[in-house]
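Below is data_34.tsv, holding TSV, C-alpha atoms.
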chain	number	residue	atom	x	y	z
A	1	MET	CA	-28.17	-43.06	85.53
A	2	SER	CA	-30.37	-39.96	85.31
A	3	ASN	CA	-30.74	-37.58	88.28
A	4	LYS	CA	-33.81	-35.96	86.80
A	5	ASN	CA	-37.26	-36.30	88.28
A	6	ILE	CA	-39.33	-37.83	85.48
A	7	ILE	CA	-43.09	-37.53	85.05
A	8	PRO	CA	-44.03	-40.43	82.72
A	9	ILE	CA	-46.95	-40.00	80.32
A	10	PHE	CA	-47.62	-43.24	78.46
A	11	VAL	CA	-48.99	-43.14	74.92
A	12	PRO	CA	-49.04	-46.88	74.19
A	13	HIS	CA	-48.94	-47.83	70.52
A	14	LEU	CA	-50.06	-44.39	69.36
A	15	GLY	CA	-48.24	-43.56	66.14
A	16	CYS	CA	-46.70	-46.98	65.58
A	17	PRO	CA	-47.38	-48.00	61.97
A	18	HIS	CA	-47.32	-51.70	62.93
A	19	ASP	CA	-46.25	-54.10	65.64
A	20	CYS	CA	-42.62	-55.11	65.74
A	21	VAL	CA	-42.27	-58.84	66.44
A	22	PHE	CA	-41.48	-58.22	70.13
A	23	CYS	CA	-44.03	-55.52	70.82
A	24	ASN	CA	-47.38	-55.39	72.57
A	25	GLN	CA	-47.41	-51.83	73.86
A	26	ASN	CA	-50.68	-52.26	75.76
A	27	LYS	CA	-49.03	-54.97	77.83
A	28	ILE	CA	-45.72	-53.13	78.21
A	29	ALA	CA	-47.16	-49.72	79.16
A	30	GLY	CA	-50.11	-51.09	81.11
A	31	LEU	CA	-52.46	-48.39	79.81
A	32	LYS	CA	-55.05	-48.39	77.07
A	33	ASP	CA	-55.47	-44.73	76.16
A	34	ILE	CA	-54.37	-41.19	76.86
A	35	SER	CA	-56.36	-38.02	77.43
A	36	VAL	CA	-55.61	-34.44	78.42
A	37	GLU	CA	-57.42	-35.04	81.71
A	38	ASN	CA	-55.23	-38.05	82.53
A	39	GLU	CA	-52.13	-36.13	81.45
A	40	ARG	CA	-52.89	-33.24	83.81
A	41	LYS	CA	-53.78	-35.61	86.63
A	42	THR	CA	-50.50	-37.52	86.22
A	43	ILE	CA	-48.41	-34.33	86.11
A	44	GLN	CA	-50.08	-32.88	89.21
A	45	GLU	CA	-49.73	-36.17	91.08
A	46	TYR	CA	-46.00	-36.43	90.43
A	47	LEU	CA	-45.37	-32.75	91.17
A	48	SER	CA	-47.03	-33.17	94.56
A	49	TYR	CA	-44.53	-35.68	95.86
A	50	PHE	CA	-41.23	-34.67	94.23
A	51	LYS	CA	-38.94	-33.33	96.93
A	52	ASN	CA	-36.34	-31.98	94.52
A	53	LYS	CA	-38.16	-29.66	92.14
A	54	ASN	CA	-35.09	-28.24	90.37
A	55	ASP	CA	-34.92	-30.56	87.34
A	56	ILE	CA	-38.28	-32.08	86.47
A	57	GLN	CA	-38.95	-33.46	83.01
A	58	ILE	CA	-42.22	-34.64	81.48
A	59	ALA	CA	-41.58	-37.76	79.40
A	60	PHE	CA	-43.85	-39.20	76.72
A	61	TYR	CA	-43.15	-42.94	76.62
A	62	GLY	CA	-44.71	-45.85	74.79
A	63	GLY	CA	-45.68	-45.42	71.16
A	64	SER	CA	-43.87	-43.39	68.53
A	65	PHE	CA	-44.80	-39.90	69.66
A	66	THR	CA	-43.82	-38.00	66.52
A	67	ALA	CA	-45.77	-40.42	64.32
A	68	ILE	CA	-49.14	-39.81	65.98
A	69	ASP	CA	-51.71	-37.41	64.56
A	70	TYR	CA	-50.26	-33.89	64.50
A	71	SER	CA	-53.21	-32.32	66.29
A	72	LEU	CA	-52.99	-34.86	69.13
A	73	GLN	CA	-49.23	-34.34	69.38
A	74	ASN	CA	-49.74	-30.63	69.84
A	75	THR	CA	-52.62	-31.08	72.27
A	76	LEU	CA	-50.45	-33.22	74.54
A	77	LEU	CA	-47.43	-30.95	74.12
A	78	LYS	CA	-49.42	-27.81	74.93
A	79	VAL	CA	-50.51	-29.23	78.28
A	80	ALA	CA	-46.92	-30.18	79.12
A	81	TYR	CA	-45.65	-26.79	77.96
A	82	GLU	CA	-47.99	-24.99	80.39
A	83	TYR	CA	-45.95	-26.45	83.24
A	84	ILE	CA	-42.71	-25.24	81.63
A	85	GLU	CA	-44.17	-21.76	81.31
A	86	ASN	CA	-45.25	-21.63	84.96
A	87	GLY	CA	-41.86	-22.93	86.11
A	88	SER	CA	-43.03	-26.26	87.52
A	89	VAL	CA	-41.24	-28.33	84.88
A	90	LYS	CA	-37.91	-27.72	83.16
A	91	SER	CA	-38.26	-29.68	79.91
A	92	ILE	CA	-39.94	-32.44	77.89
A	93	ARG	CA	-38.59	-35.70	76.52
A	94	LEU	CA	-40.17	-38.21	74.19
A	95	SER	CA	-39.44	-41.48	72.45
A	96	THR	CA	-40.13	-42.22	68.81
A	97	ARG	CA	-39.08	-44.17	65.73
A	98	PRO	CA	-36.07	-43.22	63.58
A	99	ASP	CA	-38.32	-43.00	60.50
A	100	SER	CA	-40.60	-40.47	62.21
A	101	ILE	CA	-38.11	-37.62	62.32
A	102	ASN	CA	-37.84	-34.71	59.88
A	103	GLU	CA	-37.22	-30.95	59.97
A	104	LYS	CA	-40.91	-30.04	60.23
A	105	ILE	CA	-41.37	-32.35	63.22
A	106	LEU	CA	-38.25	-31.05	64.97
A	107	ASN	CA	-39.20	-27.40	64.43
A	108	ASN	CA	-42.57	-28.14	66.00
A	109	LEU	CA	-41.01	-29.89	69.02
A	110	LYS	CA	-38.69	-26.93	69.59
A	111	LYS	CA	-41.71	-24.66	70.12
A	112	TYR	CA	-42.92	-26.72	73.05
A	113	GLY	CA	-39.71	-27.02	75.06
A	114	VAL	CA	-38.79	-30.55	74.07
A	115	LYS	CA	-35.20	-31.19	75.14
A	116	THR	CA	-34.60	-34.92	74.70
A	117	ILE	CA	-35.55	-37.21	71.82
A	118	GLU	CA	-34.95	-40.94	72.25
A	119	LEU	CA	-34.93	-43.20	69.22
A	120	GLY	CA	-36.02	-46.80	69.54
A	121	VAL	CA	-33.18	-48.10	67.37
A	122	GLN	CA	-32.82	-51.60	68.85
A	123	SER	CA	-30.00	-52.67	66.49
A	124	LEU	CA	-27.72	-51.33	63.79
A	125	ASN	CA	-27.61	-54.62	61.93
A	126	GLU	CA	-29.80	-54.75	58.81
A	127	GLU	CA	-30.63	-58.45	59.20
A	128	VAL	CA	-31.75	-57.97	62.81
A	129	LEU	CA	-33.91	-54.96	61.87
A	130	ILE	CA	-35.62	-56.92	59.09
A	131	SER	CA	-36.15	-60.01	61.26
A	132	SER	CA	-37.61	-57.86	64.03
A	133	GLY	CA	-40.06	-56.11	61.72
A	134	ARG	CA	-38.75	-52.63	62.47
A	135	GLY	CA	-39.73	-51.16	59.11
A	136	HIS	CA	-36.65	-48.92	58.71
A	137	ASN	CA	-33.02	-49.45	57.78
A	138	VAL	CA	-29.72	-48.58	59.43
A	139	GLN	CA	-29.13	-45.45	57.35
A	140	CYS	CA	-32.40	-44.02	58.64
A	141	VAL	CA	-30.98	-44.17	62.18
A	142	TYR	CA	-27.83	-42.28	61.18
A	143	ASP	CA	-29.83	-39.63	59.30
A	144	SER	CA	-32.35	-39.08	62.11
A	145	SER	CA	-29.66	-39.00	64.80
A	146	LYS	CA	-27.68	-36.37	62.91
A	147	LEU	CA	-30.77	-34.25	62.34
A	148	ILE	CA	-31.73	-34.40	66.01
A	149	LYS	CA	-28.24	-33.35	67.08
A	150	ASP	CA	-28.05	-30.62	64.42
A	151	PHE	CA	-31.28	-29.13	65.82
A	152	GLY	CA	-29.73	-29.00	69.29
A	153	PHE	CA	-31.78	-31.72	70.97
A	154	GLU	CA	-30.32	-34.16	73.46
A	155	LEU	CA	-30.18	-37.53	71.68
A	156	GLY	CA	-31.03	-40.84	73.28
A	157	LEU	CA	-30.62	-44.25	71.63
A	158	GLN	CA	-32.30	-47.45	72.79
A	159	GLN	CA	-30.62	-50.81	72.18
A	160	MET	CA	-32.24	-54.23	72.47
A	161	ILE	CA	-30.25	-57.42	72.84
A	162	GLY	CA	-31.41	-60.93	72.01
A	163	LEU	CA	-33.64	-60.01	69.06
A	164	PRO	CA	-34.21	-62.52	66.25
A	165	ARG	CA	-30.96	-63.06	64.28
A	166	ASP	CA	-29.03	-61.02	66.82
A	167	THR	CA	-25.72	-62.30	68.22
A	168	GLU	CA	-23.29	-61.11	70.85
A	169	GLU	CA	-20.96	-59.88	68.12
A	170	ARG	CA	-23.76	-57.92	66.42
A	171	ALA	CA	-24.88	-56.38	69.71
A	172	ILE	CA	-21.33	-55.27	70.53
A	173	GLU	CA	-20.96	-53.86	67.02
A	174	THR	CA	-24.21	-51.92	67.50
A	175	ALA	CA	-22.87	-50.46	70.74
A	176	LYS	CA	-19.67	-49.38	69.01
A	177	LYS	CA	-21.71	-47.73	66.24
A	178	PHE	CA	-23.84	-45.99	68.90
A	179	VAL	CA	-20.61	-44.55	70.32
A	180	GLU	CA	-19.70	-43.24	66.86
A	181	ILE	CA	-23.10	-41.54	66.58
A	182	GLY	CA	-22.46	-39.88	69.96
A	183	PRO	CA	-25.76	-39.96	71.89
A	184	ASN	CA	-26.10	-38.22	75.25
A	185	ILE	CA	-27.91	-41.18	76.76
A	186	VAL	CA	-28.53	-44.86	76.04
A	187	ARG	CA	-30.93	-47.52	77.29
A	188	ILE	CA	-30.25	-51.26	77.10
A	189	TYR	CA	-33.20	-53.67	77.00
A	190	PRO	CA	-32.96	-57.46	76.88
A	191	THR	CA	-35.66	-58.87	74.62
A	192	LEU	CA	-38.59	-60.43	76.48
A	193	VAL	CA	-41.26	-62.64	74.94
A	194	VAL	CA	-44.56	-60.92	75.75
A	195	GLU	CA	-48.05	-62.36	75.35
A	196	ASP	CA	-49.90	-61.70	72.09
A	197	THR	CA	-46.84	-60.84	70.02
A	198	TYR	CA	-45.44	-62.46	66.89
A	199	LEU	CA	-42.33	-63.25	68.90
A	200	GLU	CA	-44.48	-65.42	71.18
A	201	LYS	CA	-45.54	-67.43	68.12
A	202	LEU	CA	-41.92	-67.81	67.03
A	203	TYR	CA	-40.93	-68.88	70.54
A	204	LYS	CA	-43.70	-71.44	70.88
A	205	SER	CA	-42.93	-72.88	67.45
A	206	GLY	CA	-39.28	-73.28	68.39
A	207	LYS	CA	-38.07	-70.70	65.86
A	208	TYR	CA	-36.86	-68.22	68.47
A	209	LYS	CA	-34.77	-68.83	71.57
A	210	PRO	CA	-34.48	-65.96	74.07
A	211	LEU	CA	-31.32	-65.18	75.96
A	212	THR	CA	-30.98	-66.77	79.37
A	213	LEU	CA	-30.72	-64.40	82.32
A	214	GLU	CA	-27.02	-65.21	82.67
A	215	GLU	CA	-26.39	-64.56	78.95
A	216	ALA	CA	-28.30	-61.26	79.05
A	217	VAL	CA	-26.46	-60.07	82.16
A	218	ASP	CA	-23.08	-61.02	80.68
A	219	LEU	CA	-23.74	-59.26	77.37
A	220	SER	CA	-25.26	-56.18	79.02
A	221	ALA	CA	-22.15	-55.92	81.20
A	222	LYS	CA	-19.97	-55.87	78.09
A	223	LEU	CA	-22.13	-53.17	76.52
A	224	LEU	CA	-22.23	-51.07	79.69
A	225	LYS	CA	-18.43	-51.11	79.86
A	226	ILE	CA	-18.27	-49.87	76.25
A	227	TYR	CA	-20.61	-46.98	77.01
A	228	ASN	CA	-18.92	-46.15	80.31
A	229	ARG	CA	-15.49	-46.04	78.67
A	230	ASN	CA	-16.87	-43.52	76.17
A	231	ASN	CA	-18.64	-41.37	78.79
A	232	ILE	CA	-22.13	-42.18	77.50
A	233	ASN	CA	-24.73	-42.19	80.25
A	234	VAL	CA	-26.70	-45.45	80.34
A	235	ILE	CA	-29.88	-44.35	82.09
A	236	ARG	CA	-31.64	-47.72	82.16
A	237	ILE	CA	-30.81	-51.40	81.76
A	238	GLY	CA	-33.84	-53.70	81.63
A	239	LEU	CA	-37.53	-52.92	81.43
A	240	GLN	CA	-39.18	-51.15	84.33
A	241	PRO	CA	-41.18	-53.76	86.29
A	242	THR	CA	-44.93	-53.18	86.12
A	243	GLU	CA	-48.02	-55.24	86.86
A	244	GLU	CA	-47.80	-56.68	83.34
A	245	ILE	CA	-44.01	-56.84	83.03
A	246	ASN	CA	-43.34	-59.09	85.99
A	247	TYR	CA	-43.06	-62.72	87.00
A	248	ASN	CA	-46.83	-63.16	87.21
A	249	GLY	CA	-47.66	-60.74	84.40
A	250	SER	CA	-47.50	-61.02	80.62
A	251	ILE	CA	-43.95	-62.32	80.18
A	252	VAL	CA	-43.92	-65.69	78.43
A	253	ALA	CA	-40.14	-66.14	78.38
A	254	GLY	CA	-36.89	-64.24	78.43
A	255	PRO	CA	-34.34	-62.75	80.83
A	256	PHE	CA	-36.56	-60.71	83.13
A	257	HIS	CA	-35.38	-59.62	86.57
A	258	PRO	CA	-36.84	-56.72	88.60
A	259	ALA	CA	-33.32	-55.54	89.52
A	260	PHE	CA	-31.63	-56.33	86.21
A	261	ARG	CA	-29.24	-53.37	86.32
A	262	GLN	CA	-27.93	-54.41	89.71
A	263	LEU	CA	-27.15	-57.87	88.33
A	264	VAL	CA	-25.20	-56.25	85.48
A	265	GLU	CA	-23.26	-53.88	87.72
A	266	ASN	CA	-22.56	-56.71	90.16
A	267	LYS	CA	-21.14	-58.77	87.28
A	268	ILE	CA	-18.80	-55.95	86.24
A	269	ILE	CA	-17.51	-55.12	89.70
A	270	ILE	CA	-17.08	-58.72	90.89
A	271	ASP	CA	-15.11	-59.55	87.73
A	272	LYS	CA	-12.93	-56.47	88.32
A	273	ILE	CA	-12.35	-57.37	91.98
A	274	LEU	CA	-11.37	-60.94	91.10
A	275	LYS	CA	-8.98	-59.75	88.41
A	276	THR	CA	-7.44	-57.18	90.77
A	277	LEU	CA	-6.94	-59.71	93.54
A	278	GLU	CA	-6.23	-62.82	91.45
A	279	ASN	CA	-2.56	-63.04	92.45
A	280	LYS	CA	-3.11	-62.01	96.06
A	281	LYS	CA	-3.36	-64.65	98.76
A	282	ILE	CA	-5.97	-62.91	100.86
A	283	ARG	CA	-7.93	-64.90	103.43
A	284	ASN	CA	-9.54	-62.18	105.58
A	285	LEU	CA	-10.79	-59.31	103.45
A	286	GLU	CA	-12.38	-55.97	104.37
A	287	ILE	CA	-13.94	-53.78	101.71
A	288	PHE	CA	-14.36	-50.05	102.40
A	289	SER	CA	-16.73	-47.98	100.27
A	290	ASN	CA	-20.14	-46.30	100.31
A	291	ASN	CA	-23.38	-48.19	100.90
A	292	LYS	CA	-24.33	-48.15	97.20
A	293	ASN	CA	-21.09	-49.79	96.11
A	294	ILE	CA	-21.28	-52.23	98.99
A	295	SER	CA	-24.80	-53.22	98.00
A	296	THR	CA	-23.68	-53.71	94.39
A	297	ILE	CA	-20.71	-55.85	95.43
A	298	ALA	CA	-22.76	-57.96	97.85
A	299	GLY	CA	-25.32	-58.57	95.09
A	300	GLN	CA	-28.78	-60.10	95.02
A	301	ASN	CA	-29.14	-62.70	97.79
A	302	LYS	CA	-25.46	-62.09	98.59
A	303	SER	CA	-24.47	-63.67	95.27
A	304	GLY	CA	-21.45	-61.37	94.93
A	305	SER	CA	-20.24	-62.09	98.44
A	306	LYS	CA	-20.61	-65.83	97.86
A	307	LYS	CA	-18.60	-65.65	94.65
A	308	LEU	CA	-15.81	-63.73	96.39
A	309	TYR	CA	-15.73	-66.29	99.19
A	310	LYS	CA	-15.56	-69.14	96.69
A	311	ASP	CA	-13.16	-67.77	94.06
A	312	LEU	CA	-10.75	-66.07	96.48
A	313	LYS	CA	-11.04	-68.88	99.06
A	314	LEU	CA	-11.77	-66.34	101.80
A	315	LYS	CA	-12.20	-67.18	105.45
A	316	SER	CA	-13.98	-63.91	106.20
A	317	LEU	CA	-15.38	-60.92	104.33
A	318	LYS	CA	-16.40	-57.65	105.96
A	319	PHE	CA	-17.93	-54.52	104.43
A	320	VAL	CA	-17.35	-51.08	105.99
A	321	ASP	CA	-19.25	-47.95	104.94
A	322	ASN	CA	-16.75	-45.09	104.80
A	323	LYS	CA	-19.00	-42.82	102.66
A	324	SER	CA	-16.42	-42.88	99.85
A	325	ASN	CA	-16.82	-43.56	96.15
A	326	ASP	CA	-13.49	-45.37	96.26
A	327	ILE	CA	-13.42	-49.12	96.83
A	328	ILE	CA	-10.54	-50.07	99.09
A	329	PHE	CA	-9.53	-53.64	99.90
A	330	PHE	CA	-7.79	-54.24	103.20
A	331	ASP	CA	-6.03	-57.54	103.81
A	332	ARG	CA	-6.24	-58.06	107.56
A	333	ASP	CA	-3.43	-60.62	107.46
A	334	SER	CA	-0.77	-58.60	105.65
A	335	LEU	CA	-2.26	-55.14	106.47
A	336	GLU	CA	-2.00	-54.29	102.75
A	337	LYS	CA	-4.42	-51.80	101.20
A	338	ILE	CA	-5.48	-51.93	97.55
A	339	ASN	CA	-7.54	-49.18	95.92
A	340	LEU	CA	-9.84	-50.32	93.12
A	341	LEU	CA	-10.16	-47.48	90.65
A	342	ASP	CA	-12.60	-46.98	87.78
A	343	TRP	CA	-14.67	-50.16	87.88

For the file at hand, write its structure as structure tokens.
Amino acid sequence: MSNKNIIPIFVPHLGCPHDCVFCNQNKIAGLKDISVENERKTIQEYLSYFKNKNDIQIAFYGGSFTAIDYSLQNTLLKVAYEYIENGSVKSIRLSTRPDSINEKILNNLKKYGVKTIELGVQSLNEEVLISSGRGHNVQCVYDSSKLIKDFGFELGLQQMIGLPRDTEERAIETAKKFVEIGPNIVRIYPTLVVEDTYLEKLYKSGKYKPLTLEEAVDLSAKLLKIYNRNNINVIRIGLQPTEEINYNGSIVAGPFHPAFRQLVENKIIIDKILKTLENKKIRNLEIFSNNKNISTIAGQNKSGSKKLYKDLKLKSLKFVDNKSNDIIFFDRDSLEKINLLDW
């Protein structure tokens, strides 16, 4: 996950040539427009409450930033660049489409201190891209990614799972191809059915079936392990909850959970614990680690603890915060210690 302090500036739907089947940016971003006044207000507001001011980044999220009108791009970038010049902000990041990248665009972004460019790739399967209405092909992603890296930008790739015509095998293959491209960062988003999208029509007509929460968590866990093994930083898993993207918001169907990443990490670590201890007859178990790991193991509503009790047939389970990144199992019956490494 990222340690940066991010100042989000939403530019919903600006620059997008059309709606992808899953997209209603006004619902997702929760804003209708952008202005210089709102941009300055947002930046000042975030700067006022950041405690750590060493690595602050202004991030343009939402629509395809590099596809919007050039004059508006530069107007927004100039405001952000003022804060780089006065030392308040370290860099700028933005998200855009793979088919909205070229040398002219990248040269312009360089002038304004842009450091990170994230591409909304979603999939590297041609059939999935066509079915999702992306409007570009796989080769475009490779070409844009190479150009971004050649220009010295930090590259981010965004993957969506559960799109029309997508499968677990295709999602895993996309992740492996992402690894070959070599991004600095990745985001994983399970597809949600949002109001007023073409995907909603497909869902209601029975032509599209979203992933269940369990399926999405299981697949995301497999993808996260691929990225972790290849030292690629996954900075987000699941959409950020907002007023619209929430249980009582604009989600019609799909695997939404406000703490989706924790569910994924819990899945990975519980599976690893069970595999590590599968041949051990432990009845009274103590787990030593830091509070973050303990919280991940315990899980939402103690789901992880309950699974350990059930699958290991435990009589007791105790967590002890020892401030360590290690996860150490202590069998109180045999006095054996087991160190779980690299989960």

**Request:** Neighbourhood query: residues within 12 Å of (-47.1, -28.0, 85.0), file coordinates, counting only C-alpha atoms; return as a ChimeraX atom specification.
**Result:** /A:7,39-48,53,56-58,77-92

Could you turn the residues from that selection into a file that holds C-alpha atoms, as a PDB file, in the coordinates of the input?
ATOM      1  CA  ILE A   7     -43.090 -37.530  85.050  1.00  0.00           C
ATOM      2  CA  GLU A  39     -52.130 -36.130  81.450  1.00  0.00           C
ATOM      3  CA  ARG A  40     -52.890 -33.240  83.810  1.00  0.00           C
ATOM      4  CA  LYS A  41     -53.780 -35.610  86.630  1.00  0.00           C
ATOM      5  CA  THR A  42     -50.500 -37.520  86.220  1.00  0.00           C
ATOM      6  CA  ILE A  43     -48.410 -34.330  86.110  1.00  0.00           C
ATOM      7  CA  GLN A  44     -50.080 -32.880  89.210  1.00  0.00           C
ATOM      8  CA  GLU A  45     -49.730 -36.170  91.080  1.00  0.00           C
ATOM      9  CA  TYR A  46     -46.000 -36.430  90.430  1.00  0.00           C
ATOM     10  CA  LEU A  47     -45.370 -32.750  91.170  1.00  0.00           C
ATOM     11  CA  SER A  48     -47.030 -33.170  94.560  1.00  0.00           C
ATOM     12  CA  LYS A  53     -38.160 -29.660  92.140  1.00  0.00           C
ATOM     13  CA  ILE A  56     -38.280 -32.080  86.470  1.00  0.00           C
ATOM     14  CA  GLN A  57     -38.950 -33.460  83.010  1.00  0.00           C
ATOM     15  CA  ILE A  58     -42.220 -34.640  81.480  1.00  0.00           C
ATOM     16  CA  LEU A  77     -47.430 -30.950  74.120  1.00  0.00           C
ATOM     17  CA  LYS A  78     -49.420 -27.810  74.930  1.00  0.00           C
ATOM     18  CA  VAL A  79     -50.510 -29.230  78.280  1.00  0.00           C
ATOM     19  CA  ALA A  80     -46.920 -30.180  79.120  1.00  0.00           C
ATOM     20  CA  TYR A  81     -45.650 -26.790  77.960  1.00  0.00           C
ATOM     21  CA  GLU A  82     -47.990 -24.990  80.390  1.00  0.00           C
ATOM     22  CA  TYR A  83     -45.950 -26.450  83.240  1.00  0.00           C
ATOM     23  CA  ILE A  84     -42.710 -25.240  81.630  1.00  0.00           C
ATOM     24  CA  GLU A  85     -44.170 -21.760  81.310  1.00  0.00           C
ATOM     25  CA  ASN A  86     -45.250 -21.630  84.960  1.00  0.00           C
ATOM     26  CA  GLY A  87     -41.860 -22.930  86.110  1.00  0.00           C
ATOM     27  CA  SER A  88     -43.030 -26.260  87.520  1.00  0.00           C
ATOM     28  CA  VAL A  89     -41.240 -28.330  84.880  1.00  0.00           C
ATOM     29  CA  LYS A  90     -37.910 -27.720  83.160  1.00  0.00           C
ATOM     30  CA  SER A  91     -38.260 -29.680  79.910  1.00  0.00           C
ATOM     31  CA  ILE A  92     -39.940 -32.440  77.890  1.00  0.00           C
TER      32      ILE A  92
END

**Message:** So that I can see what lies close to range 193-197 of chain A, please list as JSON, numbers by chain the residues with an atom at most 9 Å from it, counting all atoms listed in the file and leaving out residues fewer than 3 positions away in the same chain.
**Reply:** {"A": [19, 20, 21, 22, 23, 24, 27, 28, 200, 201, 203, 210, 245, 250, 251, 252, 253, 254]}

With all atoms of range 84-94 of chain A from the file as input, state the centre and edge lengths in Å to one decimal of the axis-aligned box that has 6 Å extra on each side, as AutoDock Vina command-line options.
--center_x -41.6 --center_y -29.9 --center_z 80.9 --size_x 19.3 --size_y 28.6 --size_z 25.3

Contacts of Lys177 in chain A within 10 Å, only C-alpha atoms, excl. fewer than 4 positions in-chain, as a PDB file with C-alpha atoms, in the frame of the given file:
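The result, stored in out05.pdb:
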ATOM      1  CA  SER A 123     -30.000 -52.670  66.490  1.00  0.00           C
ATOM      2  CA  LEU A 124     -27.720 -51.330  63.790  1.00  0.00           C
ATOM      3  CA  TYR A 142     -27.830 -42.280  61.180  1.00  0.00           C
ATOM      4  CA  ALA A 171     -24.880 -56.380  69.710  1.00  0.00           C
ATOM      5  CA  ILE A 172     -21.330 -55.270  70.530  1.00  0.00           C
ATOM      6  CA  GLU A 173     -20.960 -53.860  67.020  1.00  0.00           C
ATOM      7  CA  ILE A 181     -23.100 -41.540  66.580  1.00  0.00           C
ATOM      8  CA  GLY A 182     -22.460 -39.880  69.960  1.00  0.00           C
TER       9      GLY A 182
END

**Item:** Polymer residues at most 7 Å from (-41.4, -42.1, 77.9) by all atoms listed in the file, as a VMD selection string
**Value:** chain A and resid 8 to 10 59 to 62 94 to 95

**Message:** When you look at Gln159 in chain A with a cut-off of 10 Å (counting all atoms listed in the file), what residues show up, excluding the ones that are within fewer than 4 positions of it in the same chain? I need them as a ChimeraX atom specification.
**Reply:** /A:119-124,171,174-175,178,186-191,223,237

**Fill in**
In terms of only C-alpha atoms, the residue from A:Ile161, A:Leu202, A:Val179, A:Val128 at minimal distance from Leu219 in chain A is A:Ile161

**Message:** Which residues are near range 304-314 of chain A? Cut-off 9 Å, all atoms listed in the file, ignore same chain within fewer than 5 positions. Put them as a ChimeraX atom specification.
**Reply:** /A:266-267,270,273-274,277-278,280-285,296-299

**Request:** Would you please work out which residue, of A:Asn233, A:Asn38, A:Asn5, A:Asn102, is nearest to Gly156 in chain A when using all atoms listed in the file?
**Result:**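 That would be A:Asn233, the residue with the smallest distance to Gly156 in chain A.
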
**Complete:** Separating CA of Asp326 in chain A from CA of Arg236 in chain A, to the nearest tenth of an Å, is a gap of 23.1 Å

**Item:** Of the listed residues A:Ile117, A:Ser303, A:Asp69, A:Met160, that which approaches Leu192 in chain A most closely, counting only C-alpha atoms
**Value:**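 So, comparing all the options, the nearest one is A:Met160.
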
**Prompt:** CA of Asn248 in chain A to CA of Leu199 in chain A: how many Å, to one decimal?
**Reply:**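 Taking CA of Asn248 in chain A as the start and CA of Leu199 in chain A as the end point, the length is 18.9 Å.
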
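You will find CA of Thr276 in chain A at 10.1 Å from CA of Leu341 in chain A.
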
**Message:** Just checking: using all atoms listed in the file, which residue out of A:Phe260, A:Tyr227, A:Phe65, A:Tyr198 ends up closest to Glu118 in chain A?
**Reply:**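 Of all the options, A:Phe65 lies closest to Glu118 in chain A.
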
**Pick from A:Pro255, A:Gly162, A:Pro98, A:Gly152 nearest to Asn184 in chain A, counting all atoms listed in the file** =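 The closest residue to Asn184 in chain A is A:Gly152.
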
**Request:** Tell me which of A:Ser316, A:Thr75, A:Gln158, A:Asn325 sits closest to Asn290 in chain A, counting all atoms listed in the file.
**Result:**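 Closest to Asn290 in chain A of all the choices is A:Asn325.
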